[in-house]
Amino acid sequence: MQKQRTSLVTAAATALLMTGAGVLTGTGPAFAAVPTTGSTTTVTASPDIEAMIAGMTLDEKIGQMTWTHVYGSSADDASMAAKNQERYGVNTPAEVVEKYNLGGVLYFAWSGNTNNPGQVAGLSNGLQQAALREGGNGIPLAVTIDQEGGLVARIGPPATVLPGNMALGATADANLAKAQGEILGSEMRAMGINVDFAPVLDLNSNPDNPVIGIRSMGEDPALVSALGVAQIEGIQAHNVGAAAKHFPGHGDTSVDSHYGLPTVTYDRETLNQHLKPFKAAIDGGVDMVMTAHIIVEAIDPEMPGTLSHKVLTGLLRDEMGFKGLVTTDALDMAAMAAEWPQEEIAVKAIQAGSDILLNSPDVDASFAGVRAAVESGELTEARLDDSVRRILEWKVKRGVFEQPLAHPAAVDTLVGSAENLTTAKLISDRAATLLRNEGRVLPLAQGSRVLMVGAGSAWPELAGPMLRDQGFTVTEDYEDGASPSAAYRARAVAAAGAVDAVVFASYNATGNAAQQQMVAELAATGTPVIVVATRNPYDINVFPGADAVLNSYGVKDVNFHGAVRAISGAVNPGGKLPVNVPKADGSGVLLPLGFGLSYETATPVPVTFTDRPGHGQDEYTVPSVLGVAYLMDGKEVTAGNYRKPSGTVTVTAAPQPGYVFTPGSITEWSHTFTTGLPKS
């Protein structure tokens with residue numbers, strides 16, 4: 001009976017995928033045909049999970065727990081066959097799915113999966129066809145991706161590019177966090193992706209953390225909890241599973257687990273702070289938790305979280321009450337792959353409590369290790385059944401059985417929509433964080449001459465045209481690389497004398513002497529220097545000579561959007577530090593969490609005009625308002641009454657240095673005066 005049910009679903013789904021029809025048709029009790037809705041093709045399906053598990057072979061169960069990447073831009077793409085052969089012994093993405101009866105696939109740009117949204121949707125549908133093929137087990141795929149927004153985003157434009165999690169943290173706005181989640185969820189689902197390995201809930205409490213940094217929303221447990229839960233709600237509202245990562249917290253490491261095995265030595269009390277966002281996510285109904293490849297001495301001083309029964313079962317499941325899916329972080333990372341053979345990693349991860357073996361570098365070895373463990377009794381098949389059951393229950397819950405396919409028309413409608421792009425820019429505007437503003441150098445006066453330079457790794461060339469669009473006269477000079485050369489520094493110093501201000505884009509300058517030297521040399525010219533710190537938010541502590549410092553929390557166009565508008569005064573910076581900034585020598589805190597400056601605000605009072613019969617009675621009055629300069633023909637006029645005007649008088653208002661106008665302010669007044677007595 002089980003095999004009959006499976007074949008009915010498989011045959012119907014295959015027919016749909018091959019014909020491109022909008023309705024899944026067929027006969028039998030497994031489903032009823034219904035019209036398409038939203039972004040996916042809808043099929044009514046109520047699988048009997050227990051019967052499905054009972055009908056699976058051991059290898060099919062291991063396959064359901066195996067989620068890995070494939071090489072190629074479509075299901076039958078053989079252009080990267082050499083890569084697929086090397087890793088899996090087959091040629092195409094579809095053949096990888098079929099060989100292992102995969103439970104899920106994982107998309108990367110470097111594996112050819114994410115060229116553009118339409119291609120992604122086609123790949124997703126093609127891989128679902130492979131999973132639902134005639135003769136297979138009839139179980140649709142988890143189609144997964146790391147689309148955190150900001151630094152880690154596998155799909156770029158025309159998908160919405162977001163400023164990133166630390167920018168979101170600087171806004172401290174749960175509504176914006178939910179909106180970010182809605183963007184991620186709706187756009188991924190439109191492309192046939194049903195799992196987003198986001199959000200990052202690590203507390204970035206270590207400024208030297210080489211792998212988390214701006215991927216984190218900050219180091220305040222309450223802030224990260226609130227924003228994380230809101231993001232999860234937004235993502236999962238679109239039937240895309242969210243994954244809280246990296247449990248039990250990767251934020252205080254000084255080693256990147258892609259390249260080594262980190263250890264955190266803090267006590268249980270400190271660990272409890274790092275656990276708060278994960279507990280909030282669990283209470284908020286997050287679908288998945290992703291493990292961290294780190295040793296947490298307070299729980300298990302011997303094994304990393306991914307392989308620790310004490311961490312995944314004792315802490316996560318028993319103590320914290322998590323009932324959902326546990327996935328490993330990628331098993332090809334050096335923290336795992338360099339320490340244990342894949343056969344052993346797979347077994348230990350399952351024993352620890354993981355349901356999903358994510359991106360093993362040797363899937364054949366993982367299968368062999370689990371098979372051998374079951375045969376020897378080291379693992380029971382019932383333990384695998386527990387994980388497979390959770391996976392299948394999740395696929396039912398998130399409509400993966402009912403809606404396995406992306407609807408191609410939804411890509412153009414939903415992905416990179418005008419509304420989503422506007423939200424991304426709003427996050428950027430709200431995130432811009434002003435940390436120093438000596439002498440009220442910011443906002444720059446309208447029409448200022450600006451030199452735009454910076455570390456090549458900070459992408460200063462993105463900011464130059466934006467400054468020009470804000471009305472500045474911009475001189476640009478750029479050089480590749482993170483460390484400005486002596487020649488580049490000399491050119492910038494020579495050019496600084498001919499401008500009103502220098503804007504320097506820095507990138508993790510706390511560890512870069514050449515960037516520090518360049519800013520010091522520019523400051524020595526006497527021309528005001530404005531630093532836009534584009535990556536981790538700590539650069540201010542090595543730039544004592546900079547007149548102004550703004551954090552943008554990223555190097556993409558959307559990050560510069562808010563920073564440049566803050567420089568011009570188009571927005572009043574309101575971002576607050578989501579982390580503490582230490583002093584450069586480590587002796588204490590330079591700027592505390594929650595710190596952030598804003599410009600003084602002013603509201604222009606209207607110019608009044610009196611136009612009485614007779615030229616001698618005519619006058620206009622310019623008021624005196626703190627922070628407001630009144631201009632005629634581009635020149636400032638003092639407050640007072642001006643008698644006997646003639647013709648048209650136009651007065652405009654501009655903010656004085658260090659001020660911005662309140663939103664909606666009227667800044668121009670004009671009147672045409674009559675002369676002589678009125679005619680009778």
# chains A, B, ... in the order shown; residues from 1 in each chain; ligands from 1
>>> residues_around(residues="Ala159 (chain A)", least_positions_apart="2", cutoff="6 Å", atoms="only C-alpha atoms", output="ChimeraX atom specification")
/A:156-157,415-416
>>> write_last_selection(atoms="N, CA, C and O atoms", output="CSV table (one decimal), in the first residue's frame")
chain,number,residue,atom,x,y,z
A,156,GLY,N,22.2,37.4,-5.4
A,156,GLY,CA,22.4,38.9,-5.4
A,156,GLY,C,21.3,39.5,-6.3
A,156,GLY,O,20.3,38.8,-6.6
A,157,PRO,N,21.5,40.7,-6.7
A,157,PRO,CA,20.5,41.4,-7.6
A,157,PRO,C,20.2,40.6,-8.8
A,157,PRO,O,21.1,39.8,-9.3
A,415,VAL,N,10.3,38.9,-6.4
A,415,VAL,CA,11.8,39.0,-6.2
A,415,VAL,C,12.3,40.3,-6.6
A,415,VAL,O,12.2,40.7,-7.7
A,416,GLY,N,12.9,41.0,-5.6
A,416,GLY,CA,13.4,42.4,-5.9
A,416,GLY,C,12.3,43.4,-6.2
A,416,GLY,O,12.5,44.3,-6.9
>>> select_by_dssp(residues="region 355-458 of chain A", states="strand (DSSP E)", output="number ranges by chain")
A: 357-358, 405-406, 433-437, 449-454
>>> residues_around(residues="Pro606 (chain A)", least_positions_apart="4", cutoff="10 Å", atoms="only C-alpha atoms", output="ChimeraX atom specification")
/A:621-623,651-653,665-669
>>> atom_distance(atom1="CA of Val370 (chain A)", atom2="CA of Trp394 (chain A)")
22.6 Å
>>> closest_residue(among="A:Ala82, A:Trp459, A:Leu467, A:Tyr100", to="Gly481 (chain A)", atoms="only C-alpha atoms")
A:Trp459
>>> residues_around(residues="Met336 (chain A)", least_positions_apart="6", cutoff="8 Å", atoms="only C-alpha atoms", output="list in words")
Leu261, His293 and Ile345 of chain A
>>> write_last_selection(atoms="all heavy atoms", output="JSON list (two decimals), in the first residue's frame")
[["chain", "number", "residue", "atom", "x", "y", "z"],
["A", 261, "LEU", "N", 39.19, 24.57, 14.69],
["A", 261, "LEU", "CA", 38.20, 24.23, 15.71],
["A", 261, "LEU", "C", 38.32, 25.20, 16.88],
["A", 261, "LEU", "O", 39.26, 25.13, 17.67],
["A", 261, "LEU", "CB", 38.41, 22.79, 16.18],
["A", 261, "LEU", "CG", 37.47, 22.28, 17.28],
["A", 261, "LEU", "CD1", 36.01, 22.39, 16.84],
["A", 261, "LEU", "CD2", 37.82, 20.84, 17.64],
["A", 293, "HIS", "N", 30.33, 24.42, 15.14],
["A", 293, "HIS", "CA", 31.52, 23.57, 15.25],
["A", 293, "HIS", "C", 32.50, 24.19, 16.24],
["A", 293, "HIS", "O", 33.61, 24.61, 15.89],
["A", 293, "HIS", "CB", 32.22, 23.43, 13.89],
["A", 293, "HIS", "CG", 31.37, 22.86, 12.81],
["A", 293, "HIS", "ND1", 30.37, 21.95, 13.01],
["A", 293, "HIS", "CD2", 31.41, 23.06, 11.46],
["A", 293, "HIS", "CE1", 29.82, 21.61, 11.85],
["A", 293, "HIS", "NE2", 30.44, 22.27, 10.90],
["A", 345, "ILE", "N", 32.30, 11.28, 11.70],
["A", 345, "ILE", "CA", 31.55, 12.52, 11.90],
["A", 345, "ILE", "C", 30.05, 12.25, 11.77],
["A", 345, "ILE", "O", 29.24, 12.70, 12.59],
["A", 345, "ILE", "CB", 31.99, 13.61, 10.90],
["A", 345, "ILE", "CG1", 33.39, 14.13, 11.25],
["A", 345, "ILE", "CG2", 30.98, 14.75, 10.85],
["A", 345, "ILE", "CD1", 33.97, 15.06, 10.22]]
>>> atom_distance(atom1="CA of Gln236 (chain A)", atom2="CA of Gly185 (chain A)")
6.5 Å
>>> closest_residue(among="A:Ala463, A:Ile212, A:Met303, A:Ala75", to="Val152 (chain A)", atoms="only C-alpha atoms")
A:Ile212
>>> residues_around(residues="Ala153 (chain A)", least_positions_apart="4", cutoff="10 Å", atoms="only C-alpha atoms", output="mmCIF file with N, CA, C and O atoms, in the first residue's frame")
data_model
loop_
_atom_site.group_PDB
_atom_site.id
_atom_site.type_symbol
_atom_site.label_atom_id
_atom_site.label_comp_id
_atom_site.auth_asym_id
_atom_site.auth_seq_id
_atom_site.Cartn_x
_atom_site.Cartn_y
_atom_site.Cartn_z
ATOM 1 N N PHE A 108 24.715 27.183 -3.492
ATOM 2 C CA PHE A 108 25.817 28.140 -3.386
ATOM 3 C C PHE A 108 26.014 28.817 -4.735
ATOM 4 O O PHE A 108 25.692 28.250 -5.782
ATOM 5 N N ALA A 109 26.608 30.020 -4.694
ATOM 6 C CA ALA A 109 26.970 30.687 -5.941
ATOM 7 C C ALA A 109 28.116 29.953 -6.628
ATOM 8 O O ALA A 109 28.122 29.774 -7.850
ATOM 9 N N ILE A 145 19.305 27.252 1.535
ATOM 10 C CA ILE A 145 20.286 28.278 1.177
ATOM 11 C C ILE A 145 20.679 29.062 2.421
ATOM 12 O O ILE A 145 19.934 29.115 3.398
ATOM 13 N N ASP A 146 21.866 29.663 2.385
ATOM 14 C CA ASP A 146 22.284 30.651 3.391
ATOM 15 C C ASP A 146 22.012 32.035 2.819
ATOM 16 O O ASP A 146 22.858 32.601 2.118
ATOM 17 N N GLN A 147 20.860 32.583 3.079
ATOM 18 C CA GLN A 147 20.522 33.929 2.624
ATOM 19 C C GLN A 147 20.198 34.747 3.869
ATOM 20 O O GLN A 147 19.056 34.997 4.212
ATOM 21 N N GLU A 148 21.278 35.145 4.560
ATOM 22 C CA GLU A 148 21.114 35.889 5.807
ATOM 23 C C GLU A 148 20.760 37.343 5.543
ATOM 24 O O GLU A 148 20.165 38.008 6.390
ATOM 25 N N GLY A 149 21.167 37.861 4.376
ATOM 26 C CA GLY A 149 21.143 39.295 4.131
ATOM 27 C C GLY A 149 22.476 39.879 4.542
ATOM 28 O O GLY A 149 23.067 39.463 5.540
ATOM 29 N N ALA A 159 17.483 40.025 -6.902
ATOM 30 C CA ALA A 159 16.923 39.773 -5.578
ATOM 31 C C ALA A 159 17.283 40.949 -4.663
ATOM 32 O O ALA A 159 18.264 41.660 -4.898
ATOM 33 N N THR A 160 16.490 41.157 -3.649
ATOM 34 C CA THR A 160 16.715 42.287 -2.755
ATOM 35 C C THR A 160 18.002 42.097 -1.959
ATOM 36 O O THR A 160 18.190 41.073 -1.301
ATOM 37 N N VAL A 161 18.874 43.089 -2.022
ATOM 38 C CA VAL A 161 20.108 43.089 -1.239
ATOM 39 C C VAL A 161 19.838 43.872 0.042
ATOM 40 O O VAL A 161 19.475 45.047 -0.005
ATOM 41 N N LEU A 162 20.009 43.207 1.164
ATOM 42 C CA LEU A 162 19.726 43.807 2.464
ATOM 43 C C LEU A 162 21.020 44.294 3.124
ATOM 44 O O LEU A 162 22.094 43.742 2.876
ATOM 45 N N GLY A 164 22.089 43.853 6.080
ATOM 46 C CA GLY A 164 22.701 42.853 6.953
ATOM 47 C C GLY A 164 22.215 42.953 8.382
ATOM 48 O O GLY A 164 21.569 43.913 8.805
#
>>> residues_around(residues="region 166-182 of chain A", least_positions_apart="6", cutoff="6 Å", atoms="only C-alpha atoms", output="list in words")
Ile214, Ser216, Met217, Gly218, Leu227, Ala230, Gln231, Gly234, Ile235, Arg430, Ala431, Tyr553, Gly575, Lys576, Leu577 and Pro578 of chain A
